[in-house]
Amino acid sequence: MGMKDIITIDGPSGAGKSTVSKLLAQRLGYSYLDTGALYRAVAWKVKKEGIDPDNEEKLKEALSIIKITLESGKVIVNGVDVSSDIRTGEIGEMSSKVSAKPVVREYLYAIQREIGLKGRVVVEGRDIGTVIFPESENKFFFDASPEERGKRRHKELSVKNSDTSIKDTIEDLKKRDTRDSTRDSAPLKRANDMIYIDTTNIGIDGVVEKIISELKRD
Ligand code: DC
C-alpha cells in the first residue's frame, strides 16, 4: 500500500492543524482524523469518573471500560455524544495530562492505526509523523507565534462563552506546549522528514495550497 495517501500534520495547539486538515481532506476527497479528539475523549471520561490522572491503576481501569467511536465527525464515548463537551479549556488541560501517560498512548495507538491504515486520510496530532505513521511520505509540521496561537485558541473558546483573557489563554497554551513537548512518551517533535509551515501570517487557503503543491503522489 502506498504511504503517500496518509498525510500527517503535527504541531502545537493553535497552529491551525484542525482547520487546515478538514479543508485539505475536503479538497482531496480524503477522510480526516483528529487524534487530539481521542485524547480529549479519554480526558472527558477520566474527569467524569473523578480519576486522578496520575493514578495509573485507575487510569487502566477507565481505559478497560471506555469505548470511543468517531461517527461522521462526532466523538462518542460509551454511547454519549461528547463532541461539544470535549472542547473546553479544562478538558484541553486534562487531555494534555493524560496524553503524557504511556498506557493512554498505547491504548490510542491501535485505534489510530486502524483508522489511518484505511488510507486516503489526513491525520493531525502531535506524534503522527514520528510515532503513529512514521512510514508516511507526506508529513507536515505547523507552527505559529505564541501570540497568534493564543489569539486563535481564545477565539475558539470565546464562542463557548468562556471569559478567560487572551493573556491567560496564551499562558495556558504555553504550559500545555511545554508539557506536550517535554514528556518522555512520544513528545511533540519536528522531524527532518517533515515539511515545516509557519502559519502565523498565511491564511488558511494559503496553507492548503502550499500543502497541495508539496504533496508527493503516485
Ligand atoms: O490538539 P488538541 O488540543 O485537541 O489535543 C489535546 C491534547 O492531546 C494535547 O494537549 C496533547 C494531546 N495529544 C497528543 O499527545 N498526541 C496527539 N497525537 C494529539 C493530541
# chains A, B, ... in the order shown; residues from 1 in each chain; ligands from 1
call {"tool": "select_by_dssp", "arguments": {"residues": "region 117-178 of chain A", "states": "helix (DSSP H, G or I)", "output": "NGL selection string"}}
result
:A and (128-132 or 146-159 or 166-178)
call {"tool": "residues_near_ligand", "arguments": {"ligand": "ligand 1", "cutoff": "9 Å", "atoms": "only C-alpha atoms and all ligand atoms", "output": "ChimeraX atom specification"}}
result
/A:10-14,17-18,34-40,43,86-87,91-100,105,123-128,131-132,173,176-177,179-181,185-188
call {"tool": "closest_residue", "arguments": {"among": "A:Ser64, A:Trp44, A:Arg153, A:Arg183", "to": "Ser83 (chain A)", "atoms": "only C-alpha atoms"}}
result
A:Trp44
call {"tool": "residues_around", "arguments": {"residues": "region 117-122 of chain A", "least_positions_apart": "6", "cutoff": "7 Å", "atoms": "only C-alpha atoms", "output": "list in words"}}
result
Asp5, Ile6, Ile7, Thr8, Ser21, Ala25, Tyr30, Ser31, Tyr32 and Leu33 of chain A
call {"tool": "residues_around", "arguments": {"residues": "Thr19 (chain A)", "least_positions_apart": "5", "cutoff": "10 Å", "atoms": "only C-alpha atoms", "output": "PyMOL selection string"}}
result
chain A and resi 14+24+204-205+208
call {"tool": "write_last_selection", "arguments": {"atoms": "C-alpha atoms", "output": "compact mmCIF listing (two decimals), in the first residue's frame"}}
result
# COMPACT_ATOMS: atom_id res chain seq x y z
CA GLY A 14 -3.41 26.82 17.75
CA LEU A 24 -7.46 19.75 2.92
CA ILE A 204 -5.96 29.03 5.72
CA ASP A 205 -6.32 28.79 1.95
CA VAL A 208 -3.89 24.36 2.00
call {"tool": "closest_residue", "arguments": {"among": "A:Gly79, A:Gly206, A:Gly50, A:Gly16", "to": "Arg152 (chain A)", "atoms": "only C-alpha atoms"}}
result
A:Gly16
call {"tool": "select_by_dssp", "arguments": {"residues": "region 38-155 of chain A", "states": "strand (DSSP E)", "output": "PyMOL selection string"}}
result
chain A and resi 68-71+74-77+80-81+121-125+138-143
call {"tool": "atom_distance", "arguments": {"atom1": "CA of Lys151 (chain A)", "atom2": "CA of Gly129 (chain A)"}}
result
26.3 Å
call {"tool": "atom_distance", "arguments": {"atom1": "CA of Leu59 (chain A)", "atom2": "CA of Ile9 (chain A)"}}
result
27.9 Å
call {"tool": "closest_residue", "arguments": {"among": "A:Val207, A:Ile170, A:Gly116, A:Asp184", "to": "Lys4 (chain A)", "atoms": "only C-alpha atoms"}}
result
A:Gly116
call {"tool": "residues_around", "arguments": {"residues": "Lys45 (chain A)", "least_positions_apart": "2", "cutoff": "8 Å", "atoms": "only C-alpha atoms", "output": "PDB file with N, CA and C atoms, in the first residue's frame"}}
result
ATOM      1  N   ALA A  41     -11.322  12.690  24.522  1.00  0.00           N
ATOM      2  CA  ALA A  41     -12.367  11.743  24.908  1.00  0.00           C
ATOM      3  C   ALA A  41     -11.943  10.983  26.172  1.00  0.00           C
ATOM      4  N   VAL A  42     -10.680  10.543  26.204  1.00  0.00           N
ATOM      5  CA  VAL A  42     -10.169   9.859  27.405  1.00  0.00           C
ATOM      6  C   VAL A  42     -10.209  10.817  28.598  1.00  0.00           C
ATOM      7  N   ALA A  43      -9.796  12.061  28.365  1.00  0.00           N
ATOM      8  CA  ALA A  43      -9.792  13.064  29.447  1.00  0.00           C
ATOM      9  C   ALA A  43     -11.205  13.287  29.988  1.00  0.00           C
ATOM     10  N   LYS A  47     -12.282  12.604  33.806  1.00  0.00           N
ATOM     11  CA  LYS A  47     -12.876  13.667  34.613  1.00  0.00           C
ATOM     12  C   LYS A  47     -14.247  13.237  35.146  1.00  0.00           C
ATOM     13  N   LYS A  48     -15.020  12.613  34.296  1.00  0.00           N
ATOM     14  CA  LYS A  48     -16.371  12.187  34.679  1.00  0.00           C
ATOM     15  C   LYS A  48     -16.315  11.177  35.822  1.00  0.00           C
ATOM     16  N   GLU A  49     -15.311  10.291  35.774  1.00  0.00           N
ATOM     17  CA  GLU A  49     -15.176   9.267  36.815  1.00  0.00           C
ATOM     18  C   GLU A  49     -14.434   9.799  38.034  1.00  0.00           C
ATOM     19  N   ALA A  62     -10.160   2.719  33.819  1.00  0.00           N
ATOM     20  CA  ALA A  62     -11.009   3.570  32.978  1.00  0.00           C
ATOM     21  C   ALA A  62     -10.860   3.171  31.512  1.00  0.00           C
ATOM     22  N   ILE A  66     -13.761   2.094  28.658  1.00  0.00           N
ATOM     23  CA  ILE A  66     -14.115   3.168  27.733  1.00  0.00           C
ATOM     24  C   ILE A  66     -14.289   2.623  26.307  1.00  0.00           C
ATOM     25  N   VAL A  77     -18.480   8.660  23.331  1.00  0.00           N
ATOM     26  CA  VAL A  77     -17.852   7.896  24.407  1.00  0.00           C
ATOM     27  C   VAL A  77     -18.933   7.086  25.126  1.00  0.00           C
TER      28      VAL A  77
END
call {"tool": "atom_distance", "arguments": {"atom1": "CA of Glu171 (chain A)", "atom2": "CA of Lys155 (chain A)"}}
result
15.0 Å
call {"tool": "closest_residue", "arguments": {"among": "A:Val20, A:Arg190, A:Met3, A:Ile115", "to": "Gly203 (chain A)", "atoms": "only C-alpha atoms"}}
result
A:Val20
call {"tool": "decode", "arguments": {"residues": "region 130-154 of chain A", "atoms": "N, CA, C and O atoms", "output": "CSV table (one decimal), in the first residue's frame"}}
result
chain,number,residue,atom,x,y,z
A,130,THR,N,5.9,11.0,13.6
A,130,THR,CA,7.1,10.4,14.3
A,130,THR,C,6.7,9.0,14.9
A,130,THR,O,7.6,8.1,14.8
A,131,VAL,N,5.5,8.8,15.4
A,131,VAL,CA,5.2,7.5,16.1
A,131,VAL,C,4.1,6.7,15.4
A,131,VAL,O,4.2,5.5,15.2
A,132,ILE,N,3.0,7.4,15.1
A,132,ILE,CA,1.8,6.7,14.6
A,132,ILE,C,2.0,6.2,13.2
A,132,ILE,O,1.7,5.1,12.9
A,133,PHE,N,2.3,7.2,12.3
A,133,PHE,CA,2.6,6.8,10.9
A,133,PHE,C,3.9,7.3,10.4
A,133,PHE,O,4.0,8.1,9.5
A,134,PRO,N,5.0,6.7,11.0
A,134,PRO,CA,6.4,7.2,10.6
A,134,PRO,C,6.7,6.8,9.2
A,134,PRO,O,7.5,7.4,8.5
A,135,GLU,N,5.9,5.9,8.6
A,135,GLU,CA,6.1,5.4,7.2
A,135,GLU,C,5.4,6.4,6.2
A,135,GLU,O,5.6,6.2,5.0
A,136,SER,N,4.7,7.3,6.7
A,136,SER,CA,4.0,8.2,5.7
A,136,SER,C,5.1,9.0,4.9
A,136,SER,O,6.2,9.3,5.4
A,137,GLU,N,4.7,9.3,3.7
A,137,GLU,CA,5.7,10.0,2.8
A,137,GLU,C,5.2,11.5,2.6
A,137,GLU,O,5.8,12.2,1.9
A,138,ASN,N,4.1,11.9,3.3
A,138,ASN,CA,3.7,13.2,3.2
A,138,ASN,C,3.5,13.8,4.6
A,138,ASN,O,2.4,13.7,5.2
A,139,LYS,N,4.5,14.3,5.2
A,139,LYS,CA,4.5,14.7,6.6
A,139,LYS,C,4.7,16.3,6.7
A,139,LYS,O,5.6,16.8,6.0
A,140,PHE,N,3.9,16.9,7.5
A,140,PHE,CA,4.0,18.3,7.7
A,140,PHE,C,4.0,18.7,9.1
A,140,PHE,O,3.5,18.0,10.0
A,141,PHE,N,4.7,19.8,9.4
A,141,PHE,CA,4.8,20.3,10.8
A,141,PHE,C,4.4,21.8,10.7
A,141,PHE,O,5.0,22.6,10.0
A,142,PHE,N,3.4,22.1,11.5
A,142,PHE,CA,2.9,23.5,11.6
A,142,PHE,C,3.4,24.2,12.8
A,142,PHE,O,3.4,23.6,13.9
A,143,ASP,N,3.6,25.5,12.7
A,143,ASP,CA,3.9,26.3,13.9
A,143,ASP,C,3.4,27.7,13.7
A,143,ASP,O,3.1,28.1,12.5
A,144,ALA,N,3.2,28.5,14.7
A,144,ALA,CA,2.9,29.9,14.6
A,144,ALA,C,3.4,30.6,15.9
A,144,ALA,O,3.6,29.9,16.9
A,145,SER,N,3.4,31.9,15.9
A,145,SER,CA,3.9,32.6,17.1
A,145,SER,C,2.9,32.3,18.2
A,145,SER,O,1.7,32.1,18.0
A,146,PRO,N,3.4,32.3,19.5
A,146,PRO,CA,2.5,32.0,20.6
A,146,PRO,C,1.4,33.0,20.7
A,146,PRO,O,0.3,32.7,21.0
A,147,GLU,N,1.6,34.3,20.3
A,147,GLU,CA,0.6,35.3,20.4
A,147,GLU,C,-0.5,34.9,19.4
A,147,GLU,O,-1.7,35.0,19.7
A,148,GLU,N,-0.1,34.6,18.2
A,148,GLU,CA,-1.2,34.2,17.2
A,148,GLU,C,-1.9,33.0,17.6
A,148,GLU,O,-3.1,32.9,17.5
A,149,ARG,N,-1.2,32.0,18.1
A,149,ARG,CA,-1.9,30.7,18.5
A,149,ARG,C,-2.8,31.0,19.7
A,149,ARG,O,-3.9,30.5,19.7
A,150,GLY,N,-2.4,31.9,20.6
A,150,GLY,CA,-3.2,32.2,21.7
A,150,GLY,C,-4.5,32.9,21.3
A,150,GLY,O,-5.6,32.7,21.8
A,151,LYS,N,-4.3,33.8,20.3
A,151,LYS,CA,-5.5,34.6,19.8
A,151,LYS,C,-6.5,33.6,19.2
A,151,LYS,O,-7.7,33.7,19.4
A,152,ARG,N,-6.0,32.6,18.4
A,152,ARG,CA,-6.9,31.7,17.7
A,152,ARG,C,-7.6,30.8,18.8
A,152,ARG,O,-8.8,30.6,18.7
A,153,ARG,N,-6.8,30.3,19.7
A,153,ARG,CA,-7.4,29.5,20.8
A,153,ARG,C,-8.5,30.2,21.5
A,153,ARG,O,-9.6,29.8,21.9
A,154,HIS,N,-8.2,31.5,21.8
A,154,HIS,CA,-9.1,32.4,22.6
A,154,HIS,C,-10.4,32.6,21.8
A,154,HIS,O,-11.5,32.5,22.4
